[in-house]
$ cat model-v3.cif   # mmCIF, C-alpha atoms
data_upload
loop_
_atom_site.label_atom_id
_atom_site.label_comp_id
_atom_site.auth_asym_id
_atom_site.auth_seq_id
_atom_site.Cartn_x
_atom_site.Cartn_y
_atom_site.Cartn_z
CA MET A 1 38.92 -219.69 109.98
CA ASN A 2 40.02 -222.94 108.41
CA VAL A 3 39.56 -222.96 104.63
CA ALA A 4 38.42 -226.57 104.58
CA VAL A 5 35.69 -225.84 107.15
CA ALA A 6 34.64 -222.70 105.28
CA ILE A 7 34.19 -224.64 102.04
CA ASP A 8 32.35 -227.45 103.78
CA GLN A 9 29.76 -225.00 105.09
CA ILE A 10 28.83 -223.72 101.62
CA PRO A 11 25.99 -225.74 100.10
CA GLN A 12 27.28 -227.60 97.07
CA ASP A 13 24.91 -225.87 94.62
CA ALA A 14 26.20 -222.46 95.73
CA LEU A 15 29.43 -223.14 93.81
CA PRO A 16 29.10 -222.42 90.10
CA SER A 17 29.33 -225.58 88.01
CA ALA A 18 32.24 -226.04 85.59
CA SER A 19 30.18 -224.78 82.65
CA GLU A 20 29.21 -221.57 84.46
CA ALA A 21 32.68 -220.85 85.78
CA GLY A 22 34.10 -219.67 82.46
CA PRO A 23 37.13 -221.12 80.69
CA ALA A 24 39.24 -223.55 82.72
CA PRO A 25 42.77 -222.51 83.73
CA LYS A 26 45.44 -223.17 81.12
CA ARG A 27 47.07 -225.91 83.24
CA ILE A 28 43.86 -227.96 83.07
CA VAL A 29 43.33 -227.37 79.34
CA VAL A 30 46.95 -228.26 78.49
CA ALA A 31 46.98 -231.40 80.63
CA TYR A 32 43.61 -232.51 79.23
CA GLY A 33 44.83 -232.04 75.65
CA PHE A 34 47.95 -234.05 76.45
CA TRP A 35 45.77 -236.72 78.06
CA ILE A 36 43.85 -237.04 74.75
CA PHE A 37 47.18 -237.36 72.90
CA LEU A 38 48.33 -240.11 75.29
CA LEU A 39 45.09 -242.03 74.77
CA SER A 40 45.54 -241.84 70.98
CA ASP A 41 49.14 -243.03 71.47
CA ILE A 42 47.85 -245.97 73.51
CA ILE A 43 45.37 -246.79 70.71
CA MET A 44 48.34 -246.91 68.31
CA PHE A 45 50.05 -249.34 70.69
CA ALA A 46 46.81 -251.36 70.78
CA ALA A 47 47.10 -251.82 67.00
CA LEU A 48 50.70 -253.00 67.41
CA PHE A 49 49.65 -255.37 70.23
CA ALA A 50 46.88 -256.74 68.00
CA SER A 51 49.27 -257.38 65.10
CA TYR A 52 51.76 -259.03 67.48
CA ALA A 53 49.05 -261.28 68.95
CA VAL A 54 48.01 -262.31 65.43
CA LEU A 55 51.56 -262.96 64.19
CA VAL A 56 53.11 -264.49 67.32
CA ARG A 57 52.94 -268.05 65.95
CA SER A 58 54.13 -267.13 62.44
CA THR A 59 57.79 -267.89 63.08
CA ALA A 60 58.46 -269.27 59.56
CA GLY A 61 60.73 -271.94 61.02
CA GLY A 62 62.79 -269.30 62.80
CA PRO A 63 63.40 -268.89 66.54
CA THR A 64 60.37 -268.58 68.83
CA GLY A 65 59.94 -266.19 71.72
CA ALA A 66 60.62 -268.91 74.28
CA GLN A 67 64.07 -269.49 72.72
CA LEU A 68 64.95 -265.79 72.47
CA PHE A 69 63.66 -264.06 75.58
CA ASN A 70 65.69 -263.78 78.76
CA GLN A 71 63.41 -263.44 81.80
CA ALA A 72 66.11 -261.97 84.05
CA THR A 73 66.77 -259.06 81.66
CA VAL A 74 63.05 -258.39 81.38
CA ALA A 75 62.67 -258.41 85.17
CA ILE A 76 65.46 -255.83 85.55
CA GLU A 77 63.97 -253.69 82.76
CA THR A 78 60.56 -253.84 84.43
CA ALA A 79 62.02 -252.88 87.81
CA CYS A 80 63.90 -249.93 86.24
CA LEU A 81 60.81 -248.56 84.54
CA LEU A 82 58.56 -249.06 87.56
CA VAL A 83 60.96 -247.34 89.97
CA SER A 84 61.57 -244.54 87.45
CA SER A 85 57.79 -244.00 87.28
CA TYR A 86 57.82 -243.70 91.09
CA THR A 87 60.72 -241.24 91.15
CA CYS A 88 58.99 -239.28 88.36
CA GLY A 89 55.96 -239.01 90.67
CA LEU A 90 58.18 -237.80 93.51
CA MET A 91 59.73 -235.29 91.11
CA SER A 92 56.29 -233.87 90.31
CA LEU A 93 55.66 -233.51 94.06
CA ALA A 94 58.90 -231.51 94.34
CA VAL A 95 57.80 -229.41 91.34
CA ASN A 96 54.44 -228.64 92.97
CA SER A 97 56.15 -227.43 96.15
CA ARG A 98 58.85 -225.63 94.06
CA ARG A 99 61.80 -227.46 95.55
CA ARG A 100 64.59 -227.13 93.00
CA LEU A 101 66.95 -229.69 94.60
CA GLY A 102 64.22 -232.34 94.89
CA THR A 103 63.19 -231.74 91.28
CA CYS A 104 66.74 -232.16 89.97
CA LEU A 105 67.35 -235.24 92.12
CA GLY A 106 64.09 -236.86 90.97
CA ALA A 107 64.86 -236.02 87.35
CA LEU A 108 68.40 -237.43 87.61
CA ILE A 109 67.26 -240.75 89.14
CA THR A 110 64.44 -241.03 86.61
CA PHE A 111 66.89 -240.33 83.80
CA ALA A 112 69.46 -242.85 85.08
CA LEU A 113 66.83 -245.59 85.38
CA GLY A 114 65.48 -244.76 81.91
CA VAL A 115 68.97 -244.99 80.41
CA THR A 116 69.53 -248.34 82.17
CA PHE A 117 66.26 -249.63 80.73
CA LEU A 118 67.11 -248.45 77.25
CA SER A 119 70.67 -249.84 77.27
CA LEU A 120 69.40 -253.24 78.45
CA GLU A 121 66.84 -253.23 75.64
CA ILE A 122 69.41 -252.23 73.01
CA ARG A 123 71.74 -254.99 74.26
CA GLU A 124 68.87 -257.49 74.02
CA PHE A 125 68.07 -256.38 70.47
CA SER A 126 71.69 -256.53 69.32
CA ASN A 127 72.11 -260.01 70.87
CA MET A 128 69.05 -261.17 68.97
CA ILE A 129 70.24 -259.66 65.70
CA ALA A 130 73.69 -261.23 66.24
CA ILE A 131 72.19 -264.74 66.25
CA GLY A 132 70.15 -264.05 63.13
CA ALA A 133 66.84 -263.16 64.76
CA THR A 134 66.43 -259.98 62.71
CA PRO A 135 63.11 -258.30 61.87
CA GLN A 136 63.34 -259.76 58.33
CA ARG A 137 63.51 -263.35 59.65
CA SER A 138 59.81 -263.92 60.31
CA ALA A 139 56.48 -262.14 60.76
CA PHE A 140 56.73 -262.84 64.49
CA LEU A 141 60.07 -261.03 64.73
CA SER A 142 58.81 -258.10 62.60
CA ALA A 143 55.87 -257.66 64.96
CA PHE A 144 58.13 -258.05 68.02
CA PHE A 145 60.65 -255.44 66.90
CA THR A 146 57.88 -253.02 65.86
CA LEU A 147 56.03 -253.28 69.17
CA VAL A 148 58.96 -253.33 71.60
CA GLY A 149 61.04 -250.99 69.44
CA CYS A 150 58.21 -248.45 69.32
CA HIS A 151 58.02 -248.50 73.10
CA GLY A 152 61.81 -248.12 73.31
CA LEU A 153 61.62 -245.17 70.91
CA HIS A 154 59.05 -243.53 73.18
CA VAL A 155 61.38 -244.03 76.16
CA ALA A 156 64.28 -242.50 74.20
CA LEU A 157 62.15 -239.47 73.25
CA GLY A 158 61.03 -239.18 76.89
CA LEU A 159 64.68 -239.10 78.03
CA ILE A 160 65.49 -236.29 75.57
CA TRP A 161 62.39 -234.43 76.79
CA LEU A 162 63.56 -234.90 80.40
CA ILE A 163 66.96 -233.34 79.62
CA VAL A 164 65.18 -230.37 77.99
CA MET A 165 62.99 -230.01 81.08
CA ILE A 166 65.99 -230.03 83.46
CA VAL A 167 67.59 -227.28 81.39
CA GLN A 168 64.33 -225.29 81.42
CA VAL A 169 64.04 -225.59 85.21
CA ALA A 170 67.65 -224.42 85.51
CA VAL A 171 67.12 -221.44 83.18
CA PHE A 172 63.52 -220.33 83.76
CA GLY A 173 62.93 -221.72 87.27
CA PHE A 174 59.38 -222.81 88.11
CA ALA A 175 57.56 -220.56 85.63
CA ALA A 176 53.94 -221.52 84.97
CA ARG A 177 54.77 -222.78 81.47
CA VAL A 178 57.64 -224.94 82.76
CA GLN A 179 55.31 -226.42 85.39
CA ARG A 180 52.75 -227.28 82.69
CA ARG A 181 55.42 -229.00 80.60
CA LEU A 182 56.65 -230.95 83.64
CA LEU A 183 53.07 -232.09 84.31
CA CYS A 184 52.78 -233.30 80.70
CA PHE A 185 56.14 -235.07 81.00
CA SER A 186 55.08 -236.97 84.11
CA LEU A 187 51.82 -238.00 82.38
CA PHE A 188 53.89 -239.24 79.41
CA TRP A 189 56.29 -241.20 81.60
CA HIS A 190 53.51 -242.87 83.63
CA ALA A 191 51.68 -243.78 80.38
CA LEU A 192 54.87 -245.41 79.04
CA ASP A 193 55.02 -247.56 82.17
CA ILE A 194 51.39 -248.62 81.62
CA VAL A 195 52.26 -249.66 78.05
CA TRP A 196 55.29 -251.58 79.37
CA VAL A 197 53.00 -253.57 81.72
CA GLY A 198 51.21 -254.76 78.57
CA VAL A 199 54.51 -255.46 76.78
CA PHE A 200 56.11 -257.59 79.48
CA THR A 201 52.90 -259.51 80.07
CA VAL A 202 51.89 -260.17 76.46
CA VAL A 203 55.32 -260.45 74.83
CA TYR A 204 57.68 -261.84 77.43
CA LEU A 205 55.63 -263.69 80.06
CA MET A 206 52.99 -265.16 77.74
CA GLY A 207 55.72 -265.81 75.15
CA VAL A 208 57.48 -268.23 77.49
CA SER A 209 54.57 -270.65 77.63
CA LEU A 210 53.84 -270.56 73.89
CA MET B 1 33.10 -217.19 97.85
CA THR B 2 34.18 -217.14 94.21
CA GLU B 3 35.67 -220.63 94.23
CA ALA B 4 34.64 -222.30 90.96
CA ARG B 5 34.30 -226.02 90.46
CA HIS B 6 36.64 -226.74 87.58
CA GLU B 7 37.67 -230.04 86.14
CA ARG B 8 41.00 -231.28 87.46
CA ALA B 9 44.02 -231.77 85.24
CA PRO B 10 44.94 -235.44 84.77
CA GLY B 11 47.92 -236.23 86.98
CA ASP B 12 47.00 -233.53 89.49
CA ARG B 13 46.00 -234.51 93.01
CA PRO B 14 42.85 -233.06 94.60
CA SER B 15 43.95 -230.05 96.63
CA ARG B 16 44.61 -230.78 100.31
CA GLU B 17 42.46 -227.87 101.48
CA MET B 18 39.37 -229.39 99.95
CA ASP B 19 39.87 -232.76 101.57
CA ALA B 20 41.98 -232.65 104.69
CA SER B 21 41.52 -236.37 105.34
CA ALA B 22 43.26 -237.36 102.08
CA PRO B 23 46.54 -239.25 102.59
CA SER B 24 49.76 -237.39 101.80
CA GLU B 25 50.85 -237.48 98.15
CA PHE B 26 54.13 -239.17 99.01
CA LEU B 27 52.20 -241.97 100.72
CA VAL B 28 49.93 -242.39 97.66
CA TYR B 29 52.92 -242.88 95.32
CA THR B 30 54.60 -245.26 97.77
CA ILE B 31 51.47 -247.40 98.15
CA GLY B 32 51.17 -247.46 94.36
CA LEU B 33 54.78 -248.60 93.96
CA PHE B 34 54.36 -251.29 96.63
CA VAL B 35 51.19 -252.75 95.05
CA ALA B 36 52.68 -252.55 91.54
CA VAL B 37 55.82 -254.41 92.67
CA LEU B 38 53.62 -257.05 94.31
CA LEU B 39 51.57 -257.54 91.11
CA THR B 40 54.67 -257.62 88.88
CA ALA B 41 56.37 -260.18 91.10
CA THR B 42 53.21 -262.32 91.05
CA SER B 43 53.11 -262.12 87.23
CA PHE B 44 56.72 -263.25 86.89
CA TRP B 45 56.18 -266.04 89.42
CA ALA B 46 52.99 -267.25 87.70
CA ALA B 47 54.67 -267.33 84.29
CA ASN B 48 57.59 -269.46 85.53
CA THR B 49 56.02 -271.75 88.11
CA THR B 50 54.94 -275.32 87.49
CA LEU B 51 52.56 -275.30 90.43
CA LEU B 52 49.69 -273.78 88.47
CA TRP B 53 47.58 -275.35 85.76
CA PRO B 54 49.15 -274.00 82.53
CA GLY B 55 45.77 -273.35 80.91
CA GLY B 56 44.86 -270.85 83.59
CA VAL B 57 48.17 -268.97 83.58
CA PHE B 58 47.21 -266.96 80.47
CA LEU B 59 44.05 -265.65 82.02
CA GLY B 60 45.79 -265.00 85.33
CA LEU B 61 48.56 -262.97 83.63
CA ALA B 62 45.95 -260.91 81.77
CA VAL B 63 44.06 -260.19 84.99
CA LEU B 64 47.27 -259.23 86.82
CA ALA B 65 48.30 -256.89 83.98
CA ILE B 66 44.91 -255.16 83.89
CA ALA B 67 44.97 -254.82 87.68
CA GLN B 68 48.43 -253.26 87.52
CA MET B 69 47.33 -250.82 84.82
CA GLY B 70 44.46 -249.82 87.12
CA ILE B 71 46.89 -249.33 90.01
CA HIS B 72 49.06 -247.09 87.82
CA LEU B 73 46.03 -245.04 86.73
CA VAL B 74 44.78 -244.52 90.28
CA PHE B 75 47.99 -244.09 92.26
CA PHE B 76 50.35 -242.52 89.67
CA LEU B 77 47.99 -240.69 87.29
CA HIS B 78 45.43 -239.88 90.04
CA ILE B 79 42.38 -240.73 87.95
CA THR B 80 39.47 -240.75 90.40
CA SER B 81 35.72 -241.19 90.21
CA GLY B 82 35.17 -237.71 91.64
CA PRO B 83 33.02 -235.12 89.82
CA GLU B 84 36.02 -232.92 88.97
CA SER B 85 37.64 -235.79 87.06
CA THR B 86 34.66 -236.63 84.80
CA ASN B 87 36.24 -235.42 81.55
CA ASN B 88 39.42 -237.41 82.18
CA VAL B 89 37.49 -240.58 83.00
CA LEU B 90 35.20 -240.22 79.98
CA ALA B 91 38.18 -239.76 77.63
CA LEU B 92 39.86 -242.78 79.24
CA ALA B 93 36.69 -244.87 78.88
CA PHE B 94 36.47 -244.03 75.19
CA GLY B 95 40.16 -244.89 74.74
CA VAL B 96 39.69 -248.24 76.49
CA LEU B 97 36.67 -248.98 74.28
CA ILE B 98 38.69 -248.32 71.10
CA VAL B 99 41.62 -250.39 72.42
CA PHE B 100 39.24 -253.26 73.15
CA VAL B 101 37.60 -253.03 69.70
CA VAL B 102 40.97 -252.91 67.91
CA VAL B 103 42.60 -255.78 69.82
CA ALA B 104 39.61 -258.12 70.22
CA GLY B 105 38.26 -257.35 66.74
CA THR B 106 41.59 -258.01 65.03
CA MET B 107 42.18 -261.28 66.87
CA TRP B 108 38.62 -262.45 66.21
CA ILE B 109 38.66 -261.62 62.48
CA VAL B 110 42.09 -263.11 61.84
CA ALA B 111 41.34 -266.28 63.85
CA ASP B 112 38.15 -266.68 61.83
CA MET B 113 40.02 -266.24 58.55
CA ASN B 114 42.67 -268.73 59.69
CA ALA B 115 39.95 -271.28 60.41
CA ASN B 116 38.35 -270.72 57.00
CA MET B 117 41.67 -271.04 55.19
CA MET B 118 42.29 -274.51 56.65
CA MET B 119 42.07 -276.94 53.75
CA PRO B 120 43.18 -280.54 53.66
CA SER B 121 46.64 -280.51 52.18
CA GLY B 122 45.67 -283.18 49.63
CA ALA B 123 42.86 -281.11 48.11
CA PRO B 124 43.47 -280.06 44.52
CA MET B 125 44.21 -276.41 43.76
CA SER B 126 40.87 -275.88 42.03
CA MET B 127 39.08 -276.88 45.26
CA ARG B 128 41.02 -274.27 47.18
CA MET B 129 40.29 -271.54 44.70
CA GLN B 130 36.56 -271.92 45.20
CA HIS B 131 36.80 -270.72 48.79
#

$ encode --input "model-v3.cif" --output "structure tokens"
Amino acid sequence: MNVAVAIDQIPQDALPSASEAGPAPKRIVVAYGFWIFLLSDIIMFAALFASYAVLVRSTAGGPTGAQLFNQATVAIETACLLVSSYTCGLMSLAVNSRRRLGTCLGALITFALGVTFLSLEIREFSNMIAIGATPQRSAFLSAFFTLVGCHGLHVALGLIWLIVMIVQVAVFGFAARVQRRLLCFSLFWHALDIVWVGVFTVVYLMGVSL
Amino acid sequence: MTEARHERAPGDRPSREMDASAPSEFLVYTIGLFVAVLLTATSFWAANTTLLWPGGVFLGLAVLAIAQMGIHLVFFLHITSGPESTNNVLALAFGVLIVFVVVAGTMWIVADMNANMMMPSGAPMSMRMQH
């Protein structure tokens, strides 16, 4: 008998509710805890966004965002992060069906796109510092480097985490604990992409018309 | 039947056995990517075009960004309105509330202070000190 049909035939109240079913499996508890961490991380980014929005006009006679930002670089960075979020999703599909080759391929593409993003960002920062637009120059630049740099730092940490996860898959295979960590990693990577949507909209696109 | 109704982990898809009509997971990610690319391209176009009234571009960019965040949540993080996702949605709602309070509150307070600090540049220093 088909499982889906069998479940459909049980009245809904015959299933015990979540509170009666005992403790949730560890995968759910771990992922929920990590979800809470991600939300607190996003609240920290909200504080940085708020300080940037307040300080964006305080250029102290220095360069403004419209003079500094290069839209083409930002578009490439955005494309890299978006596609890496997609390949990270495909990687988690391969993890769920325990396909080792698919997992490694997804991880490698995600890693390559993340490195491309990060190197473009570092090049952008060093170009800005080379023309004197350092964090010390104005309150606007301090807020800019804090916000975008903090996101870049998260991406760098995510890349290190991804390397660790590839090694763990190679050594331990798809053990339950490795699967939980991979689930947390994909949550982290998708959350970083959500923060980047805010960054490119608020900092780069709105900065052009200021 | 000992099947228990547990909450679902964020990022996990509903199991296929429970809902056979659900689209394949690969298709969900691909649709998400397609819509996200569309929204991103629209954002970049709106920021650089001269066809639109500049005053409305700000609001339009904000709406596009929020829409794209929603797309990421639904298609990549698989946050649904289903009963097994209640805890995730409630935590997210609280997070969004705090984000809104922090961002809107900061901008409101500082804009208000800026307005109150505006003094005519010719006013003597003693006048400024009173405020």

$ residues_around --input "model-v3.cif" --residues "Val54 of chain A" --least-positions-apart "4" --cutoff "8 Å" --atoms "only C-alpha atoms" --output "ChimeraX atom specification"
/A:50 /B:106-107,110-111

$ closest_atom_pairs --input "model-v3.cif" --of "chain B" --to "chain A" --cutoff "8 Å" --atoms "all atoms listed in the file" --output "tab-separated table"
residue	atom	partner	partner_atom	distance
B:Thr2	CA	A:Leu15	CA	7.7
B:Glu3	CA	A:Leu15	CA	6.7
B:Ala4	CA	A:Pro16	CA	5.6
B:Arg5	CA	A:Ala18	CA	5.3
B:His6	CA	A:Ala18	CA	4.9
B:Glu7	CA	A:Ala18	CA	6.8
B:Arg8	CA	A:Ile28	CA	6.2
B:Ala9	CA	A:Ile28	CA	4.4
B:Pro10	CA	A:Ala31	CA	6.1
B:Gly11	CA	A:Leu187	CA	6.3
B:Glu17	CA	A:Ala4	CA	5.3
B:Met18	CA	A:Ala4	CA	5.5
B:Asp19	CA	A:Ala4	CA	7.0
B:Ala20	CA	A:Ala4	CA	7.0
B:Glu25	CA	A:Leu93	CA	7.5
B:Phe26	CA	A:Leu90	CA	7.0
B:Tyr29	CA	A:Tyr86	CA	6.5
B:Thr30	CA	A:Tyr86	CA	7.6
B:Leu33	CA	A:Tyr86	CA	6.4
B:Ala36	CA	A:Leu82	CA	7.9
B:Val37	CA	A:Leu82	CA	7.9
B:Ser43	CA	A:Thr201	CA	7.6
B:Phe44	CA	A:Leu205	CA	6.9
B:Ala47	CA	A:Leu205	CA	5.7
B:Phe58	CA	A:Met206	CA	6.6
B:Leu61	CA	A:Thr201	CA	6.6
B:Ala62	CA	A:Thr201	CA	7.3
B:Ala65	CA	A:Val197	CA	6.2
B:Gln68	CA	A:Val197	CA	7.4
B:Met69	CA	A:Ile194	CA	5.6
B:His72	CA	A:Ile194	CA	6.8
B:Phe76	CA	A:Gly89	CA	6.7
B:Leu77	CA	A:Leu187	CA	6.8
B:Asn88	CA	A:Tyr32	CA	7.1
B:Ala91	CA	A:Ile36	CA	6.9
B:Leu92	CA	A:Leu39	CA	6.9
B:Gly95	CA	A:Leu39	CA	5.7
B:Ile98	CA	A:Ile43	CA	6.9
B:Val99	CA	A:Ile43	CA	5.5
B:Val102	CA	A:Ala47	CA	6.3
B:Val103	CA	A:Ala50	CA	4.7
B:Ala104	CA	A:Ala50	CA	7.7
B:Thr106	CA	A:Ala50	CA	6.2
B:Met107	CA	A:Val54	CA	6.1
B:Val110	CA	A:Val54	CA	7.0
B:Ala111	CA	A:Val54	CA	7.9

$ atom_distance --input "model-v3.cif" --atom1 "atom CA of Val35 of chain B" --atom2 "atom CA of Phe75 of chain B"
9.6 Å

$ atom_distance --input "model-v3.cif" --atom1 "atom CA of Gly105 of chain B" --atom2 "atom CA of Ala143 of chain A"
17.7 Å

$ atom_distance --input "model-v3.cif" --atom1 "atom CA of Ser85 of chain B" --atom2 "atom CA of Phe174 of chain A"
25.3 Å
